[in-house]
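Asker: The following block contains the structure, expressed as structure tokens.
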Amino acid sequence: MAESEYLDYTCPLCADTQRDPVTIPCGDTFCLECIKIYWDHSDHLGVYSCPQCQATFTPRPILRRNVPNVGNPEPCPPFRELTPFPYIKRDTLCDFCTGRRSRAVKSCLMCLASYCETHIKPHYESATFKRHKLVDETGHLDRKICPQHEKGLELFCRSDQMCICVLCTVREHRSHNIVSADDERAEKQKALVVTQTEVQHVIQDRMKELQELTHNVDVLKNFPTLSVAPEPMVPKVLINPEFSFSEITKTVSDMKEHLDDICKKELGNISKRVSDTSVFVLIPRSGGRLNAPVRADLQEPKTRLDFLRYSCKLTFDPNTAYKELVLSDGNRQVTRKRTTQFYPDHPERFDGFCQILCKEPVSGLRHYWEAEWSGEFSIGIAYKSISRKGKNSNSLLGYNDKSWSLLCSDSGYSAWHNKMDKDLPGAVRASRIGVYLDYAGGSVSFYAVSQTMDVIHKFQTKFTEPLYAGFGVGSSVTLCMLEKNYRTSH
């Protein structure tokens with residue numbers, strides 16, 4: 001099949017070969033599942049648009065598969081349950097071809113390169129490449145190799161929520177819960193399908209309630225006709241001139257106003273419940289393609305109760321603690337003693353600055369935590385790959401490209417990242433600092449904790465590794481116990 005013919009059968013939303021193709025009124029064609037998910041997020045507006053040409057439709061068009069129905073006039077079956085988007089595989093090109101590059105058939109995990117049928121021959125024929133490991137072609141080889149051991153990332157550590165190689169299980173991830181990467185991917189797909197189905201049912205129930213209430217409101221709107229005196233059914237009927245419909249009219253008008261108040265109140269409650277319900281959205285990846293549906297909330301938190309919806313339980317990691325720090329209260333409080341503590345040597349321990357990281361990773365979607373402090377201290381986040389050794393910028397929290405932090409002292413605040421610090425005059429002073437991390441949205445914000453939650457500073461970036469909460473301790477720091485706030489949507 002020619003390249004132009006292949007492109008005609010590609011879905012613009014998932015950039016993959018069309019599955020169950022459907023054509024919408026403007027003439028553009030998409031996967032049935034892709035366009036269904038895309039339009040589900042416009043139900044609250046009532047206006048639906050084409051992702052390709054931006055044409056709009058009202059009401060929502062009925063989707064039918066582009067399959068001939070010769071000799072079988074049965075109606076189209078209902079939509080299937082939502083399933084995750086499959087892994088989008090693209091042809092990898094040979095790294096050694098000149099001019100027009102051929103498709104790669106093998107990749108070498110030693111050379112970190114891909115080869116076509118012609119350029120792979122030396123790996124089979126020469127003894128020089130005898131120890132090289134060949135695998136079926138795969139894109140982004142550098143992302144599939146362990147940066148520490150240069151081995152394939154074939155395993156998944158559920159304890160640290162990251163892909164690892166075989167050698168990682170010997171030391172860094174020893175005694176952790178380890179499974180194969182394929183098994184973990186299959187488990188997460190199953191969980192995603194279940195969650196998608198549950199959310200879809202919730203949305204359908206809410207829309208059904210809204211439709212019923214809208215219908216009831218339309219019927220109440222006809223009540224004013226009752227205030228008009230009925231036309232006589234029988235001619236020449238004499239009516240007492242002293243008789244008046246004023247009392248009946250007043251009663252009906254009062255009833256209508258009362259029913260209107262009830263309807264407005266219920267519509268407000270339903271609107272709030274729909275807004276608070278978690279849904280699935282399509283988050284674009286680099287290159288404009290769409291990832292599998294990811295759970296995300298529609299609104300940014302504003303009050304402290306909103307932030308508590310994302311609260312997470314954190315504890316300090318003793319293996320990262322500087323030699324002068326003492327942990328207590330179930331590893332939720334750390335105090336600087338100014339005397340050396342007898343900690344065992346550990347590759348993750350900070351030995352140049354009085355710093356410590358938390359044990360639990362904070363990655364994926366949204367997280368929130370709070371800390372109380374005394375004495376000068378810094379609070380922030382860092383990649384696990386941040387340097388732990390030496391007294392230099394590579395290991396100082398917030399002073400390299402692997403960490404972000406807020407320095408707090410009696411004189412004020414300053415924001416630190418990658419050898420740049422910014423003074424924050426006028427920020428609200430507080431002994432309790434809240435940290436709100438939107439990993440998928442690429443932001444971390446620091447707040448002076450109160451019911452109004454005054455923002456001190458916000459970093460906007462793109463995170464590429466698992467993150468951990470970090471602290472620089474001047475006197476003492478305590479991780480606050482937070483209770484999750486479950487809204488009515490749960």
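Residue numbering restarts at 1 in every chain; chains get A, B, ... in the order shown in the structure tokens, and ligands count up from 1 in that same order.
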As number ranges by chain, which residues of stretch 320-394 of chain A does DSSP assign to strand (DSSP E)?

Answerer: A: 325-328, 333-336, 355-361, 366-374, 377-383

Asker: What's the 10 Å shell around A:Gln161, counting only C-alpha atoms, without same-chain residues fewer than 2 positions away, as number ranges by chain?

Answerer: A: 156-159, 163-164, 177-178, 360-364, 466

Asker: Restricting the calculation to only C-alpha atoms: of A:Thr118, A:Gln189, A:Asn66, A:Thr478, which residue gets closest to A:Thr335?

Answerer: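 Using only C-alpha atoms, the shortest distance to A:Thr335 belongs to A:Thr478.
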
Asker: Could you check the closest approach to A:Ile381 for each of A:His346, A:Lys151, A:His417, A:His173 and tell me which residue wins, using only C-alpha atoms?

Answerer: A:His417

Asker: What lies within 12 Å of stretch 89-106 of chain A using only C-alpha atoms, ignoring chain neighbours under 5 positions off, as a PDB file with all heavy atoms, in the first residue's frame?

Answerer:
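This is the output file around25.pdb:
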```pdb
ATOM      1  N   CYS A  14      -5.939   9.699  17.405  1.00  0.00           N
ATOM      2  CA  CYS A  14      -4.945   8.807  18.012  1.00  0.00           C
ATOM      3  C   CYS A  14      -3.751   8.563  17.114  1.00  0.00           C
ATOM      4  O   CYS A  14      -2.792   7.896  17.519  1.00  0.00           O
ATOM      5  CB  CYS A  14      -5.582   7.471  18.391  1.00  0.00           C
ATOM      6  SG  CYS A  14      -6.140   6.498  16.976  1.00  0.00           S
ATOM      7  N   ALA A  15      -3.775   9.092  15.869  1.00  0.00           N
ATOM      8  CA  ALA A  15      -2.667   8.946  14.915  1.00  0.00           C
ATOM      9  C   ALA A  15      -2.363   7.482  14.634  1.00  0.00           C
ATOM     10  O   ALA A  15      -1.243   7.127  14.299  1.00  0.00           O
ATOM     11  CB  ALA A  15      -1.418   9.668  15.422  1.00  0.00           C
ATOM     12  N   ASP A  16      -3.348   6.595  14.767  1.00  0.00           N
ATOM     13  CA  ASP A  16      -3.171   5.172  14.489  1.00  0.00           C
ATOM     14  C   ASP A  16      -4.170   4.769  13.412  1.00  0.00           C
ATOM     15  O   ASP A  16      -5.050   5.540  13.026  1.00  0.00           O
ATOM     16  CB  ASP A  16      -3.387   4.371  15.780  1.00  0.00           C
ATOM     17  CG  ASP A  16      -2.750   2.994  15.693  1.00  0.00           C
ATOM     18  OD1 ASP A  16      -2.225   2.669  14.613  1.00  0.00           O
ATOM     19  OD2 ASP A  16      -2.773   2.259  16.697  1.00  0.00           O
ATOM     20  N   THR A  17      -4.008   3.526  12.888  1.00  0.00           N
ATOM     21  CA  THR A  17      -4.953   3.026  11.906  1.00  0.00           C
ATOM     22  C   THR A  17      -6.363   3.029  12.499  1.00  0.00           C
ATOM     23  O   THR A  17      -6.560   2.629  13.643  1.00  0.00           O
ATOM     24  CB  THR A  17      -4.562   1.600  11.482  1.00  0.00           C
ATOM     25  OG1 THR A  17      -3.227   1.623  10.989  1.00  0.00           O
ATOM     26  CG2 THR A  17      -5.487   1.097  10.381  1.00  0.00           C
ATOM     27  N   CYS A 111      24.958  -0.893  21.135  1.00  0.00           N
ATOM     28  CA  CYS A 111      25.267   0.279  20.291  1.00  0.00           C
ATOM     29  C   CYS A 111      24.241   1.397  20.469  1.00  0.00           C
ATOM     30  O   CYS A 111      24.489   2.537  20.076  1.00  0.00           O
ATOM     31  CB  CYS A 111      25.294  -0.121  18.811  1.00  0.00           C
ATOM     32  SG  CYS A 111      26.469  -1.424  18.409  1.00  0.00           S
ATOM     33  N   LEU A 112      23.055   1.056  21.029  1.00  0.00           N
ATOM     34  CA  LEU A 112      21.951   2.017  21.136  1.00  0.00           C
ATOM     35  C   LEU A 112      21.619   2.603  19.766  1.00  0.00           C
ATOM     36  O   LEU A 112      21.498   3.803  19.579  1.00  0.00           O
ATOM     37  CB  LEU A 112      22.273   3.135  22.134  1.00  0.00           C
ATOM     38  CG  LEU A 112      22.377   2.716  23.586  1.00  0.00           C
ATOM     39  CD1 LEU A 112      22.660   3.920  24.457  1.00  0.00           C
ATOM     40  CD2 LEU A 112      21.112   2.017  24.047  1.00  0.00           C
ATOM     41  N   ALA A 113      21.487   1.719  18.774  1.00  0.00           N
ATOM     42  CA  ALA A 113      21.185   2.137  17.410  1.00  0.00           C
ATOM     43  C   ALA A 113      20.294   1.092  16.765  1.00  0.00           C
ATOM     44  O   ALA A 113      20.230  -0.069  17.205  1.00  0.00           O
ATOM     45  CB  ALA A 113      22.470   2.327  16.602  1.00  0.00           C
ATOM     46  N   SER A 114      19.594   1.506  15.673  1.00  0.00           N
ATOM     47  CA  SER A 114      18.713   0.614  14.928  1.00  0.00           C
ATOM     48  C   SER A 114      19.276   0.420  13.525  1.00  0.00           C
ATOM     49  O   SER A 114      19.875   1.344  12.944  1.00  0.00           O
ATOM     50  CB  SER A 114      17.295   1.194  14.867  1.00  0.00           C
ATOM     51  OG  SER A 114      16.778   1.355  16.166  1.00  0.00           O
ATOM     52  N   TYR A 115      19.063  -0.779  12.959  1.00  0.00           N
ATOM     53  CA  TYR A 115      19.674  -1.145  11.695  1.00  0.00           C
ATOM     54  C   TYR A 115      18.642  -1.756  10.744  1.00  0.00           C
ATOM     55  O   TYR A 115      17.739  -2.477  11.187  1.00  0.00           O
ATOM     56  CB  TYR A 115      20.787  -2.182  11.888  1.00  0.00           C
ATOM     57  CG  TYR A 115      21.903  -1.729  12.807  1.00  0.00           C
ATOM     58  CD1 TYR A 115      21.799  -1.914  14.185  1.00  0.00           C
ATOM     59  CD2 TYR A 115      23.052  -1.115  12.309  1.00  0.00           C
ATOM     60  CE1 TYR A 115      22.811  -1.504  15.045  1.00  0.00           C
ATOM     61  CE2 TYR A 115      24.064  -0.706  13.162  1.00  0.00           C
ATOM     62  CZ  TYR A 115      23.946  -0.900  14.533  1.00  0.00           C
ATOM     63  OH  TYR A 115      24.955  -0.508  15.369  1.00  0.00           O
ATOM     64  N   CYS A 116      18.807  -1.455   9.438  1.00  0.00           N
ATOM     65  CA  CYS A 116      17.994  -2.093   8.422  1.00  0.00           C
ATOM     66  C   CYS A 116      18.605  -3.454   8.078  1.00  0.00           C
ATOM     67  O   CYS A 116      19.635  -3.854   8.640  1.00  0.00           O
ATOM     68  CB  CYS A 116      17.900  -1.207   7.174  1.00  0.00           C
ATOM     69  SG  CYS A 116      19.503  -0.951   6.361  1.00  0.00           S
ATOM     70  N   GLU A 117      18.009  -4.180   7.121  1.00  0.00           N
ATOM     71  CA  GLU A 117      18.496  -5.512   6.770  1.00  0.00           C
ATOM     72  C   GLU A 117      19.928  -5.478   6.229  1.00  0.00           C
ATOM     73  O   GLU A 117      20.708  -6.411   6.440  1.00  0.00           O
ATOM     74  CB  GLU A 117      17.566  -6.134   5.736  1.00  0.00           C
ATOM     75  CG  GLU A 117      16.182  -6.472   6.274  1.00  0.00           C
ATOM     76  CD  GLU A 117      15.312  -7.134   5.227  1.00  0.00           C
ATOM     77  OE1 GLU A 117      15.758  -7.184   4.054  1.00  0.00           O
ATOM     78  OE2 GLU A 117      14.202  -7.598   5.581  1.00  0.00           O
ATOM     79  N   THR A 118      20.298  -4.384   5.559  1.00  0.00           N
ATOM     80  CA  THR A 118      21.654  -4.290   4.993  1.00  0.00           C
ATOM     81  C   THR A 118      22.680  -3.991   6.072  1.00  0.00           C
ATOM     82  O   THR A 118      23.720  -4.656   6.179  1.00  0.00           O
ATOM     83  CB  THR A 118      21.691  -3.194   3.913  1.00  0.00           C
ATOM     84  OG1 THR A 118      20.745  -3.505   2.890  1.00  0.00           O
ATOM     85  CG2 THR A 118      23.089  -3.084   3.316  1.00  0.00           C
ATOM     86  N   HIS A 119      22.433  -2.992   6.911  1.00  0.00           N
ATOM     87  CA  HIS A 119      23.432  -2.558   7.884  1.00  0.00           C
ATOM     88  C   HIS A 119      23.504  -3.440   9.123  1.00  0.00           C
ATOM     89  O   HIS A 119      24.393  -3.264   9.962  1.00  0.00           O
ATOM     90  CB  HIS A 119      23.154  -1.104   8.292  1.00  0.00           C
ATOM     91  CG  HIS A 119      23.403  -0.119   7.183  1.00  0.00           C
ATOM     92  ND1 HIS A 119      22.368   0.496   6.503  1.00  0.00           N
ATOM     93  CD2 HIS A 119      24.550   0.337   6.617  1.00  0.00           C
ATOM     94  CE1 HIS A 119      22.861   1.293   5.583  1.00  0.00           C
ATOM     95  NE2 HIS A 119      24.182   1.226   5.616  1.00  0.00           N
ATOM     96  N   ILE A 120      22.580  -4.385   9.301  1.00  0.00           N
ATOM     97  CA  ILE A 120      22.647  -5.289  10.455  1.00  0.00           C
ATOM     98  C   ILE A 120      23.590  -6.456  10.197  1.00  0.00           C
ATOM     99  O   ILE A 120      24.014  -7.162  11.119  1.00  0.00           O
ATOM    100  CB  ILE A 120      21.228  -5.816  10.796  1.00  0.00           C
ATOM    101  CG1 ILE A 120      21.200  -6.461  12.182  1.00  0.00           C
ATOM    102  CG2 ILE A 120      20.756  -6.826   9.759  1.00  0.00           C
ATOM    103  CD1 ILE A 120      21.575  -5.563  13.288  1.00  0.00           C
ATOM    104  N   LYS A 121      23.961  -6.679   8.924  1.00  0.00           N
ATOM    105  CA  LYS A 121      24.781  -7.843   8.574  1.00  0.00           C
ATOM    106  C   LYS A 121      26.086  -7.936   9.357  1.00  0.00           C
ATOM    107  O   LYS A 121      26.470  -9.026   9.784  1.00  0.00           O
ATOM    108  CB  LYS A 121      25.057  -7.838   7.069  1.00  0.00           C
ATOM    109  CG  LYS A 121      23.815  -8.135   6.240  1.00  0.00           C
ATOM    110  CD  LYS A 121      24.143  -8.140   4.747  1.00  0.00           C
ATOM    111  CE  LYS A 121      22.890  -8.470   3.935  1.00  0.00           C
ATOM    112  NZ  LYS A 121      23.168  -8.446   2.468  1.00  0.00           N
ATOM    113  N   HIS A 123      26.713  -7.318  12.366  1.00  0.00           N
ATOM    114  CA  HIS A 123      26.448  -7.873  13.688  1.00  0.00           C
ATOM    115  C   HIS A 123      26.335  -9.401  13.635  1.00  0.00           C
ATOM    116  O   HIS A 123      26.596 -10.083  14.636  1.00  0.00           O
ATOM    117  CB  HIS A 123      25.163  -7.291  14.263  1.00  0.00           C
ATOM    118  CG  HIS A 123      25.359  -5.981  14.963  1.00  0.00           C
ATOM    119  ND1 HIS A 123      25.582  -4.811  14.272  1.00  0.00           N
ATOM    120  CD2 HIS A 123      25.396  -5.671  16.285  1.00  0.00           C
ATOM    121  CE1 HIS A 123      25.722  -3.811  15.134  1.00  0.00           C
ATOM    122  NE2 HIS A 123      25.624  -4.312  16.382  1.00  0.00           N
ATOM    123  N   TYR A 124      25.902  -9.932  12.471  1.00  0.00           N
ATOM    124  CA  TYR A 124      25.803 -11.385  12.328  1.00  0.00           C
ATOM    125  C   TYR A 124      27.110 -12.007  11.848  1.00  0.00           C
ATOM    126  O   TYR A 124      27.436 -13.147  12.199  1.00  0.00           O
ATOM    127  CB  TYR A 124      24.696 -11.735  11.326  1.00  0.00           C
ATOM    128  CG  TYR A 124      23.311 -11.356  11.774  1.00  0.00           C
ATOM    129  CD1 TYR A 124      22.485 -10.552  10.997  1.00  0.00           C
ATOM    130  CD2 TYR A 124      22.812 -11.811  13.001  1.00  0.00           C
ATOM    131  CE1 TYR A 124      21.212 -10.213  11.415  1.00  0.00           C
ATOM    132  CE2 TYR A 124      21.536 -11.469  13.421  1.00  0.00           C
ATOM    133  CZ  TYR A 124      20.745 -10.674  12.632  1.00  0.00           C
ATOM    134  OH  TYR A 124      19.477 -10.342  13.046  1.00  0.00           O
ATOM    135  N   HIS A 132      27.172  -8.361  21.446  1.00  0.00           N
ATOM    136  CA  HIS A 132      26.098  -7.366  21.383  1.00  0.00           C
ATOM    137  C   HIS A 132      24.740  -8.059  21.406  1.00  0.00           C
ATOM    138  O   HIS A 132      24.565  -9.144  20.863  1.00  0.00           O
ATOM    139  CB  HIS A 132      26.222  -6.519  20.112  1.00  0.00           C
ATOM    140  CG  HIS A 132      27.377  -5.559  20.184  1.00  0.00           C
ATOM    141  ND1 HIS A 132      27.393  -4.372  19.500  1.00  0.00           N
ATOM    142  CD2 HIS A 132      28.545  -5.615  20.860  1.00  0.00           C
ATOM    143  CE1 HIS A 132      28.532  -3.732  19.742  1.00  0.00           C
ATOM    144  NE2 HIS A 132      29.254  -4.488  20.560  1.00  0.00           N
ATOM    145  N   LYS A 133      23.772  -7.411  22.054  1.00  0.00           N
ATOM    146  CA  LYS A 133      22.434  -7.988  22.184  1.00  0.00           C
ATOM    147  C   LYS A 133      21.486  -7.315  21.206  1.00  0.00           C
ATOM    148  O   LYS A 133      21.261  -6.111  21.251  1.00  0.00           O
ATOM    149  CB  LYS A 133      21.902  -7.807  23.610  1.00  0.00           C
ATOM    150  CG  LYS A 133      20.539  -8.465  23.820  1.00  0.00           C
ATOM    151  CD  LYS A 133      20.077  -8.350  25.252  1.00  0.00           C
ATOM    152  CE  LYS A 133      18.719  -9.022  25.419  1.00  0.00           C
ATOM    153  NZ  LYS A 133      18.218  -8.911  26.811  1.00  0.00           N
ATOM    154  N   LEU A 134      20.937  -8.123  20.278  1.00  0.00           N
ATOM    155  CA  LEU A 134      20.009  -7.621  19.272  1.00  0.00           C
ATOM    156  C   LEU A 134      18.576  -7.938  19.694  1.00  0.00           C
ATOM    157  O   LEU A 134      18.284  -9.019  20.210  1.00  0.00           O
ATOM    158  CB  LEU A 134      20.299  -8.257  17.906  1.00  0.00           C
ATOM    159  CG  LEU A 134      21.651  -7.917  17.271  1.00  0.00           C
ATOM    160  CD1 LEU A 134      21.823  -8.677  15.971  1.00  0.00           C
ATOM    161  CD2 LEU A 134      21.762  -6.417  17.005  1.00  0.00           C
ATOM    162  N   VAL A 135      17.701  -6.973  19.462  1.00  0.00           N
ATOM    163  CA  VAL A 135      16.279  -7.160  19.727  1.00  0.00           C
ATOM    164  C   VAL A 135      15.511  -6.643  18.523  1.00  0.00           C
ATOM    165  O   VAL A 135      16.073  -5.956  17.653  1.00  0.00           O
ATOM    166  CB  VAL A 135      15.834  -6.398  20.995  1.00  0.00           C
ATOM    167  CG1 VAL A 135      16.522  -6.959  22.219  1.00  0.00           C
ATOM    168  CG2 VAL A 135      16.099  -4.908  20.857  1.00  0.00           C
ATOM    169  N   ASP A 136      14.226  -7.010  18.439  1.00  0.00           N
ATOM    170  CA  ASP A 136      13.393  -6.461  17.367  1.00  0.00           C
ATOM    171  C   ASP A 136      13.381  -4.949  17.467  1.00  0.00           C
ATOM    172  O   ASP A 136      13.438  -4.380  18.558  1.00  0.00           O
ATOM    173  CB  ASP A 136      11.962  -6.997  17.480  1.00  0.00           C
ATOM    174  CG  ASP A 136      11.899  -8.488  17.135  1.00  0.00           C
ATOM    175  OD1 ASP A 136      12.835  -8.961  16.461  1.00  0.00           O
ATOM    176  OD2 ASP A 136      10.950  -9.152  17.568  1.00  0.00           O
ATOM    177  N   GLU A 137      13.298  -4.288  16.310  1.00  0.00           N
ATOM    178  CA  GLU A 137      13.434  -2.828  16.278  1.00  0.00           C
ATOM    179  C   GLU A 137      12.491  -2.173  17.267  1.00  0.00           C
ATOM    180  O   GLU A 137      11.363  -2.594  17.462  1.00  0.00           O
ATOM    181  CB  GLU A 137      13.175  -2.308  14.859  1.00  0.00           C
ATOM    182  CG  GLU A 137      11.775  -2.581  14.296  1.00  0.00           C
ATOM    183  CD  GLU A 137      10.778  -1.545  14.717  1.00  0.00           C
ATOM    184  OE1 GLU A 137      11.196  -0.503  15.260  1.00  0.00           O
ATOM    185  OE2 GLU A 137       9.577  -1.788  14.539  1.00  0.00           O
ATOM    186  N   THR A 138      12.983  -1.112  17.910  1.00  0.00           N
ATOM    187  CA  THR A 138      12.173  -0.378  18.891  1.00  0.00           C
ATOM    188  C   THR A 138      12.629   1.076  18.907  1.00  0.00           C
ATOM    189  O   THR A 138      13.823   1.350  18.780  1.00  0.00           O
ATOM    190  CB  THR A 138      12.296  -0.996  20.302  1.00  0.00           C
ATOM    191  OG1 THR A 138      11.536  -0.209  21.195  1.00  0.00           O
ATOM    192  CG2 THR A 138      13.718  -1.041  20.765  1.00  0.00           C
ATOM    193  N   GLY A 139      11.701   1.988  19.018  1.00  0.00           N
ATOM    194  CA  GLY A 139      12.055   3.406  19.031  1.00  0.00           C
ATOM    195  C   GLY A 139      12.506   3.886  20.396  1.00  0.00           C
ATOM    196  O   GLY A 139      12.282   3.237  21.414  1.00  0.00           O
ATOM    197  N   HIS A 140      13.186   5.042  20.441  1.00  0.00           N
ATOM    198  CA  HIS A 140      13.648   5.674  21.690  1.00  0.00           C
ATOM    199  C   HIS A 140      14.440   4.704  22.544  1.00  0.00           C
ATOM    200  O   HIS A 140      14.098   4.411  23.680  1.00  0.00           O
ATOM    201  CB  HIS A 140      12.452   6.226  22.474  1.00  0.00           C
ATOM    202  CG  HIS A 140      11.634   7.194  21.709  1.00  0.00           C
ATOM    203  ND1 HIS A 140      12.102   8.449  21.350  1.00  0.00           N
ATOM    204  CD2 HIS A 140      10.375   7.091  21.204  1.00  0.00           C
ATOM    205  CE1 HIS A 140      11.160   9.090  20.684  1.00  0.00           C
ATOM    206  NE2 HIS A 140      10.115   8.290  20.576  1.00  0.00           N
ATOM    207  N   LEU A 141      15.521   4.162  21.978  1.00  0.00           N
ATOM    208  CA  LEU A 141      16.328   3.187  22.715  1.00  0.00           C
ATOM    209  C   LEU A 141      16.868   3.749  24.012  1.00  0.00           C
ATOM    210  O   LEU A 141      16.969   3.040  25.018  1.00  0.00           O
ATOM    211  CB  LEU A 141      17.503   2.734  21.830  1.00  0.00           C
ATOM    212  CG  LEU A 141      17.192   1.642  20.803  1.00  0.00           C
ATOM    213  CD1 LEU A 141      18.371   1.448  19.891  1.00  0.00           C
ATOM    214  CD2 LEU A 141      16.832   0.341  21.483  1.00  0.00           C
TER     215      LEU A 141
END
```

Asker: Go through A:Asn392, A:Thr197, A:Gln52, A:Thr303 one by one, measure the shortest atom-to-atom distance of each to A:Val455 using only C-alpha atoms, and give the residue with the smallest value.

Answerer: A:Thr303

Asker: Could you work out how far atom CA of A:Asp401 lies from atom CA of A:Asp438, giving the answer in Å with one decimal?

Answerer: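 Interatomic distance, atom CA of A:Asp438 to atom CA of A:Asp401: 18.0 Å.
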
Asker: Counting only C-alpha atoms, which of A:Asp410, A:Asp43, A:Glu348, A:Asp20 gets nearest to A:Glu376?

Answerer: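 Comparing A:Asp410, A:Asp43, A:Glu348, A:Asp20 against A:Glu376, the winner is A:Asp410.
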
Asker: Near A:Glu209, counting only C-alpha atoms, which residues have an atom at most 12 Å away, once you skip same-chain residues fewer than 3 positions from it, shown as a list in words?

Answerer: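 In the requested form, the answer reads Val202, Ile203, Gln204, Asp205, Arg206, Glu212, Leu213, Thr214, His215, Asn216, Glu266, Leu267, Asn269, Ile270, Ser271, Arg273 and Val274 of chain A.
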